[in-house]
Amino acid sequence: MKQGAVNQKNYNHKMRKIILAFSFLLICAFSFPQKVIQLIGIDVDDSSYAKGSYSTMYDNTDDKAYEGKYTPYHTIAVSRDGDNVKFLRQNYLVVPTAKGFRYLTNEVTEIPNDTTENEFDFEKEYTLQSSVTKPVFFTQRKKIQDYILSLEASFVDAIHIDYEKIYFITPDFYITEGFESEVHGGASWFDATEKLNFYKLNPAFSPSSNYMADYADRKLLNQIIKDALLSAYYDGEAPDENIDEDYGMPWAGRLGDYQDVYFSFVYVNNRIKVIPYVLLNGNAHRSFIAQGDIFEDETILHKFGLKQYGEETDGLWDFVSPDESTRISIGDEKIKVYDHKSGRLLAENNFPRFHKIVMSEWALGKHVISWEKEF
């Protein structure tokens, strides 16, 4: 046999081995998906302040103190390795960032009321002079765990209240919702303002606000305001008067000139969508945020570094992993994990009652183990 024929035979043999090895790797990749983990952050705040500014003033008149440890957020971790699924949980938010994990709960500062120093006569006696609730970050698990154990918060009525909780959070930024209220001796007897605030978690992050006018044209602003007005004042029904750019806003002038429109984000049907809010005046001393219609805007999502994975799904709280191997569905106080390609149910577990999903973060492959260690 000539040397050239021998070399060709050896070459063909090597190529067959390479092709077989590559085919085996492809089969393994499709048959055994890489490890994947999702961290789901939920708002479970059951304090009286979580109801909002008006309910705090009108419904909390018994001043019943909060019972138990205050843990307004939970993180549920769902980890998949092939057909094996693990469910893990912490009673605070576990937020992955470029500089490591951050741990978040609410800090509560309450100052008792000294009735001898009150400037006005109030219709009731207030236990607290001031109550301030704000998100607080920790860099060590032990410190946040110690803080939660040490915190004693009553959430009874206070002369001054400043309350914020997480609405939406990513490794780069977070948005809060809440209110401020102040009781005084005037004819209106208290002021209250609801709010939706934006904060950077990553100082280098480029967007600096959730102010809709920074990202939308006047036409879209007008439509958002109109939708919010119809929902807040007219139960969604068209009023007799025409709502256009010349419409007179309550205690706020002309609709076409109005700027107090903000937004956050919401998880729905495996999408991230924009949810707008308009600050409306109830009267001269009280204002509230009224929700507009949810919409999808890829330009805004891109500016805020938010990515969509997979297609829109039918399940309200569905999440598909970045490699599209896994689908996680939440509903009816259950969480279910599916192989997304085959639709096969892999595992299910109970899921706590919650007000809002505030975080969804994924990791694949080698990062899964380090994320699991946070639980």
# chains A, B, ... in the order shown; residues from 1 in each chain; ligands from 1

call {"tool": "residues_around", "arguments": {"residues": "Lys334 in chain A", "least_positions_apart": "5", "cutoff": "10 Å", "atoms": "only C-alpha atoms", "output": "list in words"}}
result
Ser329, Glu348, Asn349, Asn350, Phe351, Pro352 and Arg353 of chain A

call {"tool": "residues_around", "arguments": {"residues": "Tyr215 in chain A", "least_positions_apart": "2", "cutoff": "12 Å", "atoms": "only C-alpha atoms", "output": "PDB file with C-alpha atoms, in the first residue's frame"}}
result
ATOM      1  CA  PRO A 207     -30.171  56.098  32.834  1.00  0.00           C
ATOM      2  CA  SER A 208     -30.719  58.459  35.753  1.00  0.00           C
ATOM      3  CA  SER A 209     -34.495  58.617  36.124  1.00  0.00           C
ATOM      4  CA  ASN A 210     -37.819  56.869  35.577  1.00  0.00           C
ATOM      5  CA  TYR A 211     -39.342  60.124  34.339  1.00  0.00           C
ATOM      6  CA  MET A 212     -41.396  59.254  31.262  1.00  0.00           C
ATOM      7  CA  ALA A 213     -40.783  62.586  29.538  1.00  0.00           C
ATOM      8  CA  ASP A 217     -42.772  61.990  23.024  1.00  0.00           C
ATOM      9  CA  ARG A 218     -45.691  64.278  23.861  1.00  0.00           C
ATOM     10  CA  LYS A 219     -48.197  62.103  22.003  1.00  0.00           C
ATOM     11  CA  LEU A 220     -47.423  59.066  24.138  1.00  0.00           C
ATOM     12  CA  LEU A 221     -47.428  61.155  27.322  1.00  0.00           C
ATOM     13  CA  VAL A 261     -45.539  60.833  34.532  1.00  0.00           C
ATOM     14  CA  TYR A 262     -43.276  58.054  35.815  1.00  0.00           C
ATOM     15  CA  PHE A 263     -42.799  54.396  35.054  1.00  0.00           C
ATOM     16  CA  VAL A 274     -43.344  49.182  30.943  1.00  0.00           C
ATOM     17  CA  PRO A 276     -46.614  53.986  33.553  1.00  0.00           C
ATOM     18  CA  ASP A 297     -41.121  49.196  24.420  1.00  0.00           C
ATOM     19  CA  GLU A 298     -37.865  47.602  23.288  1.00  0.00           C
ATOM     20  CA  THR A 299     -36.096  50.973  23.150  1.00  0.00           C
ATOM     21  CA  ILE A 300     -36.748  51.681  26.838  1.00  0.00           C
ATOM     22  CA  LEU A 301     -35.855  48.104  27.790  1.00  0.00           C
ATOM     23  CA  HIS A 302     -32.565  48.368  25.896  1.00  0.00           C
ATOM     24  CA  LYS A 303     -31.652  51.645  27.619  1.00  0.00           C
ATOM     25  CA  PHE A 304     -32.217  50.006  31.001  1.00  0.00           C
TER      26      PHE A 304
END

call {"tool": "residues_around", "arguments": {"residues": "Ala77 in chain A", "least_positions_apart": "3", "cutoff": "8 Å", "atoms": "only C-alpha atoms", "output": "PyMOL selection string"}}
result
chain A and resi 37-40+86-89+372

call {"tool": "closest_atom_pairs", "arguments": {"of": "range 66-86 of chain A", "to": "range 335-347 of chain A", "cutoff": "12 Å", "atoms": "only C-alpha atoms", "output": "tab-separated table"}}
result
residue	atom	partner	partner_atom	distance
A:Ile76	CA	A:Ile335	CA	10.0
A:Ala77	CA	A:Ile335	CA	11.0
A:Val78	CA	A:Val337	CA	8.3
A:Ser79	CA	A:Val337	CA	9.6
A:Arg80	CA	A:Val337	CA	8.7
A:Asp81	CA	A:Leu346	CA	10.7
A:Gly82	CA	A:Asp339	CA	9.1
A:Asp83	CA	A:Leu346	CA	6.2
A:Asn84	CA	A:Leu346	CA	7.6
A:Val85	CA	A:Ala347	CA	6.5
A:Lys86	CA	A:Ala347	CA	8.6

call {"tool": "write_last_selection", "arguments": {"atoms": "C-alpha atoms", "output": "PDB file, in the first residue's frame"}}
result
ATOM      1  CA  ILE A  76     -36.970  31.968  45.920  1.00  0.00           C
ATOM      2  CA  ALA A  77     -34.167  30.132  44.104  1.00  0.00           C
ATOM      3  CA  VAL A  78     -35.001  27.432  41.562  1.00  0.00           C
ATOM      4  CA  SER A  79     -31.996  25.367  40.515  1.00  0.00           C
ATOM      5  CA  ARG A  80     -32.089  22.754  37.745  1.00  0.00           C
ATOM      6  CA  ASP A  81     -29.468  20.148  36.879  1.00  0.00           C
ATOM      7  CA  GLY A  82     -30.889  17.775  34.253  1.00  0.00           C
ATOM      8  CA  ASP A  83     -34.095  16.351  35.732  1.00  0.00           C
ATOM      9  CA  ASN A  84     -33.136  17.308  39.286  1.00  0.00           C
ATOM     10  CA  VAL A  85     -34.697  20.497  40.689  1.00  0.00           C
ATOM     11  CA  LYS A  86     -34.036  22.230  43.986  1.00  0.00           C
TER      12      LYS A  86
END

call {"tool": "select_by_dssp", "arguments": {"residues": "range 42-186 of chain A", "states": "strand (DSSP E or B)", "output": "PyMOL selection string"}}
result
chain A and resi 42-43+73-81+84-90+93-97+100-112+128-138+158-169+173-183

call {"tool": "closest_atom_pairs", "arguments": {"of": "range 231-347 of chain A", "to": "range 192-195 of chain A", "cutoff": "7 Å", "atoms": "only C-alpha atoms", "output": "tab-separated table"}}
result
residue	atom	partner	partner_atom	distance
A:His285	CA	A:Ala192	CA	6.7
A:Arg286	CA	A:Ala192	CA	4.8
A:Ser287	CA	A:Thr193	CA	4.8
A:Phe288	CA	A:Glu194	CA	4.9
A:Ile289	CA	A:Glu194	CA	6.0

call {"tool": "atom_distance", "arguments": {"atom1": "CA of Glu180 in chain A", "atom2": "CA of Ile224 in chain A"}}
result
24.2 Å

call {"tool": "residues_around", "arguments": {"residues": "Leu364 in chain A", "least_positions_apart": "4", "cutoff": "6 Å", "atoms": "only C-alpha atoms", "output": "MDAnalysis selection string"}}
result
chainID A and resid 35:36 368

call {"tool": "write_last_selection", "arguments": {"atoms": "C-alpha atoms", "output": "PDB file, in the first residue's frame"}}
result
ATOM      1  CA  LYS A  35     -27.222  23.745  34.951  1.00  0.00           C
ATOM      2  CA  VAL A  36     -29.506  26.742  35.385  1.00  0.00           C
ATOM      3  CA  VAL A 368     -25.051  27.919  39.505  1.00  0.00           C
TER       4      VAL A 368
END

call {"tool": "closest_residue", "arguments": {"among": "A:Asn222, A:Thr313, A:Asn283, A:Thr139", "to": "Phe101 in chain A", "atoms": "only C-alpha atoms"}}
result
A:Thr139

call {"tool": "select_by_dssp", "arguments": {"residues": "range 41-209 of chain A", "states": "helix (DSSP H, G or I)", "output": "ChimeraX atom specification"}}
result
/A:48-51,53-59,115-117,141-150

call {"tool": "closest_atom_pairs", "arguments": {"of": "range 83-116 of chain A", "to": "range 147-150 of chain A", "cutoff": "10 Å", "atoms": "only C-alpha atoms", "output": "Markdown table"}}
result
| residue | atom | partner | partner_atom | distance |
| --- | --- | --- | --- | --- |
| A:Asn91 | CA | A:Ile148 | CA | 9.1 |
| A:Tyr92 | CA | A:Ile148 | CA | 9.0 |
| A:Thr105 | CA | A:Ile148 | CA | 8.1 |
| A:Asn106 | CA | A:Ile148 | CA | 9.0 |
| A:Glu107 | CA | A:Tyr147 | CA | 8.8 |

call {"tool": "write_last_selection", "arguments": {"atoms": "C-alpha atoms", "output": "JSON list (two decimals), in the first residue's frame"}}
result
[["chain", "number", "residue", "atom", "x", "y", "z"],
["A", 91, "ASN", "CA", -36.33, 35.98, 53.84],
["A", 92, "TYR", "CA", -34.61, 38.92, 52.15],
["A", 105, "THR", "CA", -34.52, 44.33, 53.29],
["A", 106, "ASN", "CA", -36.31, 47.43, 54.64],
["A", 107, "GLU", "CA", -34.82, 49.60, 57.34]]

call {"tool": "atom_distance", "arguments": {"atom1": "CA of Gly68 in chain A", "atom2": "CA of Glu374 in chain A"}}
result
24.2 Å

call {"tool": "closest_residue", "arguments": {"among": "A:Trp362, A:Tyr126, A:Tyr66, A:Phe138", "to": "Glu182 in chain A", "atoms": "only C-alpha atoms"}}
result
A:Tyr126

call {"tool": "atom_distance", "arguments": {"atom1": "CA of Glu333 in chain A", "atom2": "CA of Thr71 in chain A"}}
result
18.7 Å
